[in-house]
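These notes concern the structure reproduced below.
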Amino acid sequence: MTKEPPKTREAHIEYEKPRPLPHTKEDSRDLISSQHLQVKKSWEHPGVYCWGSNSGSVAAPDSTDSVVKTPRRIPYFDGQLIRDIKLDKEFGAAITEKGDLVQWGTGFSKENPSPTPTLKGKNLVRLEVSRDRIIALGKDGSVYSLPVAQSDQHVREKSSSSWSFWSSPSDIHYRQLKPSGLGWGESVKDISGGLEHVLLLTSSGRVFSAASSTSDFPSKGQLGIPGLTWATRPQGPYDQPHEILTLKGFKISQIAAGDYHSLALEQDGRVFVFGDNTSGQLGFEVEKEIPFVDGPIPLPFSKLYRGTHEKPRVTSIAAGGANSFFTVDAARIARPNDEHGIRDVGHITSDVWGCGSGIWGTIGNGRWTHVSLGPSKIKSLSGLSEFDEKTNLVVPIRLAYMSVGSTHAAAVMKNVTNVDASDKTSDQDTNWGADVLWWGGNEYYQLGTGRRNNVATPIYIGPLDGGKGDVERGRGDEMHRLQIAPKTTVRLGEGGKGRKATVEQRVECGRFVTAVYSAP
């Protein structure tokens with residue numbers, strides 16, 4: 001019996017779908033540039049994208065999903081500009097463009113976790129969150145502390161020496177944190193907080209610290225006041241601010257706080273650290289006999305550049321969870337018999353260093369370690385440069401800022417951006433924004449990659465709309481990296497027909513939750 005020859009399969013040829021022909025300059029720009037499209041959409045549709053853990057109805061208040069794997073808009077904030085936002089696994093808090101507080105999540109209300117305005121009329125500008133309280137800074141320098149839980153916001157505590165700052169001009173009961181001894185015209189200009197403490201930075205460069213939670217009094221040195229405990233605290237409110245006297249005389253320009261540790265940066269580039277060091281988050285080797293430092297000590301960055309021809313100056317600090325990060329401008333200096341490098345004197349290299357817990361990859365140095373022995377350079381964020389067409393110079397690419405969550409982090413780059421494309425420029429002239437890189441823990445999909453694996457080296461992620469706009473314009477479904485729109489004055493809304501406003505996109509990494517939001 002002879003076998004029949006195998007039947008041949010008919011080939012089906014698939015042709016690429018024709019791309020729509022551009023009708024205007026904007027159509028042409030949308031077709032050739034994913035980055036232009038992202039910037040344009042940020043102006044047309046301002047609001048809040050969120051992703052990560054949703055067990056507390058924070059990433060998606062209107063959804064029962066336990067996690068949100070990729071960026072998703074929170075409908076309540078559509079069309080709104082947000083001054084600041086902070087995210088915990090169980091609750092979220094944001095400041096509206098008018099300076100009012102909005103809260104949501106099951107930690108706020110199990111019965112109604114949807115976004116709800118709470119503290120109004122205080123013209124708030126900055127937020128921090130502890131375990132169970134929100135610390136908010138007003139534009140006039142007033143600092144407010146109120147419970148996270150809605151049920152506690154309407155219950156007046158009994159008057160006592162520990163609770164003597166309760167006020168009730170409205171239905172929301174809050175406390176005011178008032179540093180004593182401020183000078184004429186001196187006010188609080190910034191705040192940064194951990195799970196149990198908050199740092200207050202004044203316009204004169206002084207730093208105060210205070211307890212910020214009702215569950216536990218800070219006990220790991222993060223207040224920066226040697227010997228201060230619950231038992232030794234002075235009379236008066238338990239959360240009264242204390243000036244960190246060790247820093248008196250230094251002009252502090254930046255503050256940063258992790259869960260149980262604190263950083264302070266002097267205007268001349270000197271860094272002071274204090275608090276918990278069990279993961280090496282203070283920047284020096286862990287000592288079992290000394291788990292924390294209860295007073296500020298300087299971190300000698302010059303040691304990291306010993307033997308090089310560079311002089312370091314710390315330009316910014318960031319902290320979160322059990323991690324700390326430092327950006328450094330390293331300037332080339334002349335040394336004896338340095339004939340070959342004399343032409344490079346003054347050249348600036350921008351470096352980024354991280355320390356602390358690396359078990360989730362949060363240091364960003366490509367390694368997985370429980371503790372660090374000292375600051376480690378994040379190579380993929382260091383030594384970067386680009387050509388600036390406006391100045392015809394090669395310039396270092398610095399970080400604009402970092403946002404550090406409990407186990408993950410993001411770095412917004414200060415690369416050259418463009419927002420000048422218009423009807424008066426070529427249809428090849430496109431807008432583009434700032435690059436953002438992400439790394440660290442991803443157990444709740446908080447990195448926005450759509451996958452669950454932790455990442456130890458900074459990576460790019462896709463656009464906020466998942467690349468839908470690129471597919472619609474025939475660019476295929478390959479990943480185009482997320483860029484965020486830089487600050488500029490535009491007309492909001494579809495086609496630029498809405499109100500005129502100055503707006504930028506910002507990134508916020510919280511406790512297993514992440515957001516990108518439109519800020520004024």
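Simple scheme: letters A, B, ... for chains in structure tokens order, numbers from 1 for residues in each chain, numbers from 1 for ligands in the order shown.
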Exercise for review: Go through stretch 252-466 of chain A and collect every residue that DSSP, computed from the backbone, puts in helix (DSSP H, G or I); the answer should be as an MDAnalysis selection string.
Suggested key: chainID A and resid 301:305 342:344 379:381
Review point. Quick one: residues within 6 Å of A:Val404, only C-alpha atoms counted, chain neighbours fewer than 6 positions away excluded, as a PyMOL selection string?
Key: chain A and resi 319-320+509
Where does stretch 233-294 of chain A meet stretch 172-182 of chain A within 10 Å, residue by residue, with the nearest atom pair and distance in Å to one decimal for each, counting only C-alpha atoms, listed by chain and rising number, as a tab-separated table?
```
residue	atom	partner	partner_atom	distance
A:Pro237	CA	A:Leu177	CA	9.4
A:Asp239	CA	A:Leu177	CA	7.3
A:Gln240	CA	A:Leu177	CA	6.2
A:Pro241	CA	A:Pro179	CA	5.3
A:His242	CA	A:Pro179	CA	7.0
A:Glu243	CA	A:Pro179	CA	7.6
```
Emit the selected residues as an mmCIF file, in the first residue's frame, including N, CA and C atoms.
```cif
data_model
loop_
_atom_site.group_PDB
_atom_site.id
_atom_site.type_symbol
_atom_site.label_atom_id
_atom_site.label_comp_id
_atom_site.auth_asym_id
_atom_site.auth_seq_id
_atom_site.Cartn_x
_atom_site.Cartn_y
_atom_site.Cartn_z
ATOM 1 N N PRO A 237 2.999 67.864 74.933
ATOM 2 C CA PRO A 237 2.524 66.902 73.931
ATOM 3 C C PRO A 237 3.607 65.888 73.582
ATOM 4 N N ASP A 239 4.122 64.566 70.848
ATOM 5 C CA ASP A 239 4.627 64.791 69.500
ATOM 6 C C ASP A 239 5.146 66.214 69.299
ATOM 7 N N GLN A 240 5.553 66.864 70.367
ATOM 8 C CA GLN A 240 6.117 68.209 70.214
ATOM 9 C C GLN A 240 7.447 68.135 69.463
ATOM 10 N N PRO A 241 7.704 69.061 68.548
ATOM 11 C CA PRO A 241 8.969 69.051 67.797
ATOM 12 C C PRO A 241 10.151 69.439 68.682
ATOM 13 N N HIS A 242 11.273 68.781 68.458
ATOM 14 C CA HIS A 242 12.520 69.060 69.178
ATOM 15 C C HIS A 242 13.574 69.480 68.159
ATOM 16 N N GLU A 243 14.281 70.568 68.424
ATOM 17 C CA GLU A 243 15.351 70.939 67.509
ATOM 18 C C GLU A 243 16.520 69.977 67.662
#
```
Practice item. Excluding stretch 482-485 of chain A and residues on its chain fewer than 2 positions from it, collect all residues at most 8 Å away from it, counting only C-alpha atoms, and give them as number ranges by chain. Key: A: 35, 38-39, 42, 432-436, 460-464, 480, 487, 504-506
Practice item. Find the spatial neighbours of stretch 294-298 of chain A, counting only C-alpha atoms, within a cut-off of 10 Å - ignore same-chain residues fewer than 6 positions away - and output them as a list in words. Key: Ser219, Lys220, Gly221, Gln222, Leu223, Gly224, Ile225, Pro226, Gly227, Leu228, Ile244, Leu245, Thr246, Leu247, His261, Ser262, Leu263, Ala264, Leu265, Arg270, Val271, Phe272, Val273, Phe274, Gly275, Asp276 and Leu282 of chain A
Include C-alpha atoms and write out the residues we just selected as a compact mmCIF listing (two decimals), in the first residue's frame.
```txt
# COMPACT_ATOMS: atom_id res chain seq x y z
CA SER A 219 13.10 54.46 69.67
CA LYS A 220 15.79 53.82 67.06
CA GLY A 221 17.57 57.17 67.11
CA GLN A 222 15.66 58.53 64.12
CA LEU A 223 14.70 61.70 66.02
CA GLY A 224 18.36 62.69 66.28
CA ILE A 225 18.01 63.63 69.97
CA PRO A 226 20.44 61.57 72.12
CA GLY A 227 18.75 59.97 75.12
CA LEU A 228 15.19 60.92 74.09
CA ILE A 244 18.26 68.68 66.56
CA LEU A 245 20.93 70.72 68.32
CA THR A 246 23.82 68.74 66.80
CA LEU A 247 22.89 70.29 63.45
CA HIS A 261 16.35 56.51 59.85
CA SER A 262 17.05 60.10 58.84
CA LEU A 263 19.35 62.08 56.53
CA ALA A 264 20.23 65.76 56.40
CA LEU A 265 22.22 67.52 53.66
CA ARG A 270 28.05 67.51 53.81
CA VAL A 271 25.67 64.65 54.74
CA PHE A 272 24.56 63.81 58.29
CA VAL A 273 22.92 60.47 59.14
CA PHE A 274 21.17 59.08 62.22
CA GLY A 275 18.74 56.38 63.26
CA ASP A 276 18.49 52.66 62.47
CA LEU A 282 23.25 55.01 57.27
```
Point to revise | Atom-to-atom span, atom CA of A:Asp388 and atom CA of A:Leu31, Å | key: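 One can read the atom CA of A:Asp388 to atom CA of A:Leu31 distance as 24.6 Å.
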Exercise for review: For A:Ala330, work out the shell of residues within 9 Å, counting only C-alpha atoms and skipping chain neighbours fewer than 5 positions away, then give it as number ranges by chain.
Suggested key: A: 305, 310-314, 347-351
Exercise for review: Take atom CA of A:Gly107 and atom CA of A:Val58 and report the distance between them in Å, one decimal.
Suggested key: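 That distance, rounded to one decimal, is 9.2 Å.
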Exercise for review: Calculate how many Å separate atom CA of A:Pro234 from atom CA of A:His154, rounding to one decimal.
Suggested key: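 These atoms are spaced 28.2 Å apart.
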Practice item. Tell me which protein, DNA and RNA residues are within 12 Å of A:Glu389, counting only C-alpha atoms, leaving out same-chain ones fewer than 5 positions away, and put them as a list in words. Key: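 Skipping anything fewer than 5 positions along the chain leaves Val394, Val395, Val416, Thr417 and Asn418 of chain A.
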Residue selection dump (N, CA and C atoms) as a PDB file, in the first residue's frame:
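Contents of the output file out_38.pdb:
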```
ATOM      1  N   VAL A 394      28.633  68.956  25.632  1.00  0.00           N
ATOM      2  CA  VAL A 394      28.329  67.669  26.255  1.00  0.00           C
ATOM      3  C   VAL A 394      28.154  67.926  27.743  1.00  0.00           C
ATOM      4  N   VAL A 395      27.007  67.583  28.268  1.00  0.00           N
ATOM      5  CA  VAL A 395      26.683  67.888  29.667  1.00  0.00           C
ATOM      6  C   VAL A 395      26.372  66.606  30.427  1.00  0.00           C
ATOM      7  N   VAL A 416      18.001  66.286  28.769  1.00  0.00           N
ATOM      8  CA  VAL A 416      17.474  67.380  27.959  1.00  0.00           C
ATOM      9  C   VAL A 416      16.076  67.017  27.485  1.00  0.00           C
ATOM     10  N   THR A 417      15.114  67.922  27.659  1.00  0.00           N
ATOM     11  CA  THR A 417      13.735  67.701  27.226  1.00  0.00           C
ATOM     12  C   THR A 417      13.344  68.784  26.215  1.00  0.00           C
ATOM     13  N   ASN A 418      12.207  68.577  25.576  1.00  0.00           N
ATOM     14  CA  ASN A 418      11.740  69.565  24.616  1.00  0.00           C
ATOM     15  C   ASN A 418      10.220  69.661  24.658  1.00  0.00           C
TER      16      ASN A 418
END
```
**Study point:** Residues near A:Ser204, cut-off 12 Å, only C-alpha atoms, skip fewer than 3 positions along chain, as a VMD selection string
**Key:** chain A and resid 182 to 190 200 to 201 207 to 208 248 to 254 266 to 267
Exercise for review: Pull the strand (DSSP E or B) assignments for stretch 163-310 of chain A out of DSSP run on the backbone, and list those residues as a ChimeraX atom specification.
Suggested key: /A:166-167,174-176,188-193,197-202,207-211,242-243,252-257,261-266,271-276,287,290,292-298,310
Saved selection, atoms kept: N, CA and C atoms, as a compact mmCIF listing (two decimals), in the first residue's frame:
```txt
# COMPACT_ATOMS: atom_id res chain seq x y z
N TRP A 166 -5.25 69.63 70.25
CA TRP A 166 -6.40 69.32 69.41
C TRP A 166 -7.13 70.61 69.05
N SER A 167 -7.54 70.70 67.79
CA SER A 167 -8.28 71.86 67.28
C SER A 167 -9.45 71.36 66.47
N TYR A 174 -7.66 67.72 64.23
CA TYR A 174 -6.25 67.57 63.89
C TYR A 174 -5.41 68.17 65.01
N ARG A 175 -4.11 67.95 64.91
CA ARG A 175 -3.15 68.54 65.83
C ARG A 175 -2.19 69.41 65.03
N GLN A 176 -1.61 70.40 65.66
CA GLN A 176 -0.58 71.20 65.02
C GLN A 176 0.77 70.92 65.67
N VAL A 188 8.50 76.64 58.75
CA VAL A 188 8.79 75.31 58.22
C VAL A 188 8.57 75.33 56.72
N LYS A 189 9.56 74.87 55.95
CA LYS A 189 9.44 74.89 54.49
C LYS A 189 9.42 73.50 53.88
N ASP A 190 9.75 72.45 54.66
CA ASP A 190 9.72 71.10 54.11
C ASP A 190 9.55 70.09 55.24
N ILE A 191 9.00 68.93 54.91
CA ILE A 191 8.83 67.85 55.87
C ILE A 191 9.21 66.53 55.20
N SER A 192 9.67 65.57 55.99
CA SER A 192 9.95 64.23 55.50
C SER A 192 9.76 63.27 56.65
N GLY A 193 9.08 62.14 56.42
CA GLY A 193 8.75 61.29 57.54
C GLY A 193 8.89 59.80 57.28
N HIS A 197 8.24 58.81 62.81
CA HIS A 197 8.83 60.14 63.05
C HIS A 197 8.69 61.01 61.82
N VAL A 198 8.84 62.31 62.04
CA VAL A 198 8.83 63.28 60.94
C VAL A 198 9.91 64.32 61.20
N LEU A 199 10.58 64.74 60.14
CA LEU A 199 11.58 65.81 60.20
C LEU A 199 10.96 67.08 59.65
N LEU A 200 11.28 68.22 60.28
CA LEU A 200 10.81 69.52 59.83
C LEU A 200 12.02 70.39 59.50
N LEU A 201 12.06 70.94 58.30
CA LEU A 201 13.16 71.82 57.89
C LEU A 201 12.64 73.24 57.78
N THR A 202 13.33 74.18 58.44
CA THR A 202 12.88 75.57 58.43
C THR A 202 13.58 76.36 57.33
N VAL A 207 16.71 72.09 61.68
CA VAL A 207 15.95 70.85 61.57
C VAL A 207 15.36 70.49 62.93
N PHE A 208 14.06 70.20 62.92
CA PHE A 208 13.35 69.72 64.10
C PHE A 208 12.83 68.31 63.78
N SER A 209 12.59 67.52 64.83
CA SER A 209 12.02 66.19 64.65
C SER A 209 10.92 65.99 65.67
N ALA A 210 9.96 65.12 65.32
CA ALA A 210 8.83 64.87 66.20
C ALA A 210 8.29 63.46 65.97
N ALA A 211 7.64 62.92 67.00
CA ALA A 211 6.92 61.66 66.84
C ALA A 211 5.73 61.91 65.91
N HIS A 242 11.27 68.78 68.46
CA HIS A 242 12.52 69.06 69.18
C HIS A 242 13.57 69.48 68.16
N GLU A 243 14.28 70.57 68.42
CA GLU A 243 15.35 70.94 67.51
C GLU A 243 16.52 69.98 67.66
N ILE A 252 21.19 73.50 56.74
CA ILE A 252 20.67 72.29 56.11
C ILE A 252 19.75 72.67 54.96
N SER A 253 19.98 72.06 53.80
CA SER A 253 19.19 72.40 52.61
C SER A 253 18.18 71.32 52.23
N GLN A 254 18.45 70.05 52.64
CA GLN A 254 17.53 68.96 52.32
C GLN A 254 17.44 67.99 53.48
N ILE A 255 16.27 67.36 53.62
CA ILE A 255 16.07 66.32 54.61
C ILE A 255 15.44 65.12 53.91
N ALA A 256 15.65 63.94 54.48
CA ALA A 256 15.04 62.72 53.93
C ALA A 256 14.91 61.71 55.06
N ALA A 257 13.83 60.93 55.03
CA ALA A 257 13.59 59.95 56.08
C ALA A 257 13.17 58.62 55.50
N HIS A 261 15.08 55.78 59.88
CA HIS A 261 16.35 56.51 59.85
C HIS A 261 16.16 57.86 59.16
N SER A 262 17.16 58.72 59.32
CA SER A 262 17.05 60.10 58.84
C SER A 262 18.35 60.55 58.19
N LEU A 263 18.21 61.47 57.21
CA LEU A 263 19.35 62.08 56.53
C LEU A 263 19.16 63.59 56.50
N ALA A 264 20.27 64.31 56.54
CA ALA A 264 20.23 65.76 56.40
C ALA A 264 21.41 66.19 55.55
N LEU A 265 21.17 67.04 54.57
CA LEU A 265 22.22 67.52 53.66
C LEU A 265 22.47 69.00 53.90
N GLU A 266 23.71 69.33 54.20
CA GLU A 266 24.09 70.74 54.37
C GLU A 266 24.28 71.37 53.00
N VAL A 271 26.84 65.45 54.39
CA VAL A 271 25.67 64.65 54.74
C VAL A 271 25.78 64.18 56.19
N PHE A 272 24.67 64.32 56.92
CA PHE A 272 24.56 63.81 58.29
C PHE A 272 23.53 62.69 58.32
N VAL A 273 23.82 61.63 59.07
CA VAL A 273 22.92 60.47 59.14
C VAL A 273 22.67 60.09 60.59
N PHE A 274 21.49 59.55 60.87
CA PHE A 274 21.17 59.08 62.22
C PHE A 274 19.95 58.16 62.16
N GLY A 275 19.85 57.32 63.20
CA GLY A 275 18.74 56.38 63.26
C GLY A 275 19.18 54.94 63.09
N ASP A 276 18.27 54.10 62.62
CA ASP A 276 18.49 52.66 62.47
C ASP A 276 19.55 52.37 61.41
N GLU A 287 27.12 47.28 62.84
CA GLU A 287 27.74 46.76 64.05
C GLU A 287 26.63 46.24 64.97
N ILE A 290 25.96 48.13 68.06
CA ILE A 290 25.43 49.49 67.89
C ILE A 290 24.43 49.47 66.73
N PHE A 292 21.83 51.26 66.18
CA PHE A 292 21.37 52.56 65.70
C PHE A 292 22.24 53.67 66.28
N VAL A 293 22.12 54.85 65.66
CA VAL A 293 22.86 56.04 66.10
C VAL A 293 21.82 57.09 66.45
N ASP A 294 21.85 57.59 67.69
CA ASP A 294 20.78 58.50 68.12
C ASP A 294 21.11 59.97 67.98
N GLY A 295 22.22 60.29 67.29
CA GLY A 295 22.57 61.68 67.01
C GLY A 295 23.24 61.78 65.66
N PRO A 296 23.08 62.89 64.93
CA PRO A 296 23.65 63.03 63.59
C PRO A 296 25.16 62.89 63.58
N ILE A 297 25.67 62.10 62.64
CA ILE A 297 27.11 61.99 62.41
C ILE A 297 27.36 62.19 60.91
N PRO A 298 28.50 62.78 60.55
CA PRO A 298 28.78 63.02 59.12
C PRO A 298 29.17 61.73 58.41
N GLU A 310 39.15 62.99 41.51
CA GLU A 310 37.85 63.64 41.61
C GLU A 310 37.55 64.07 43.04
```
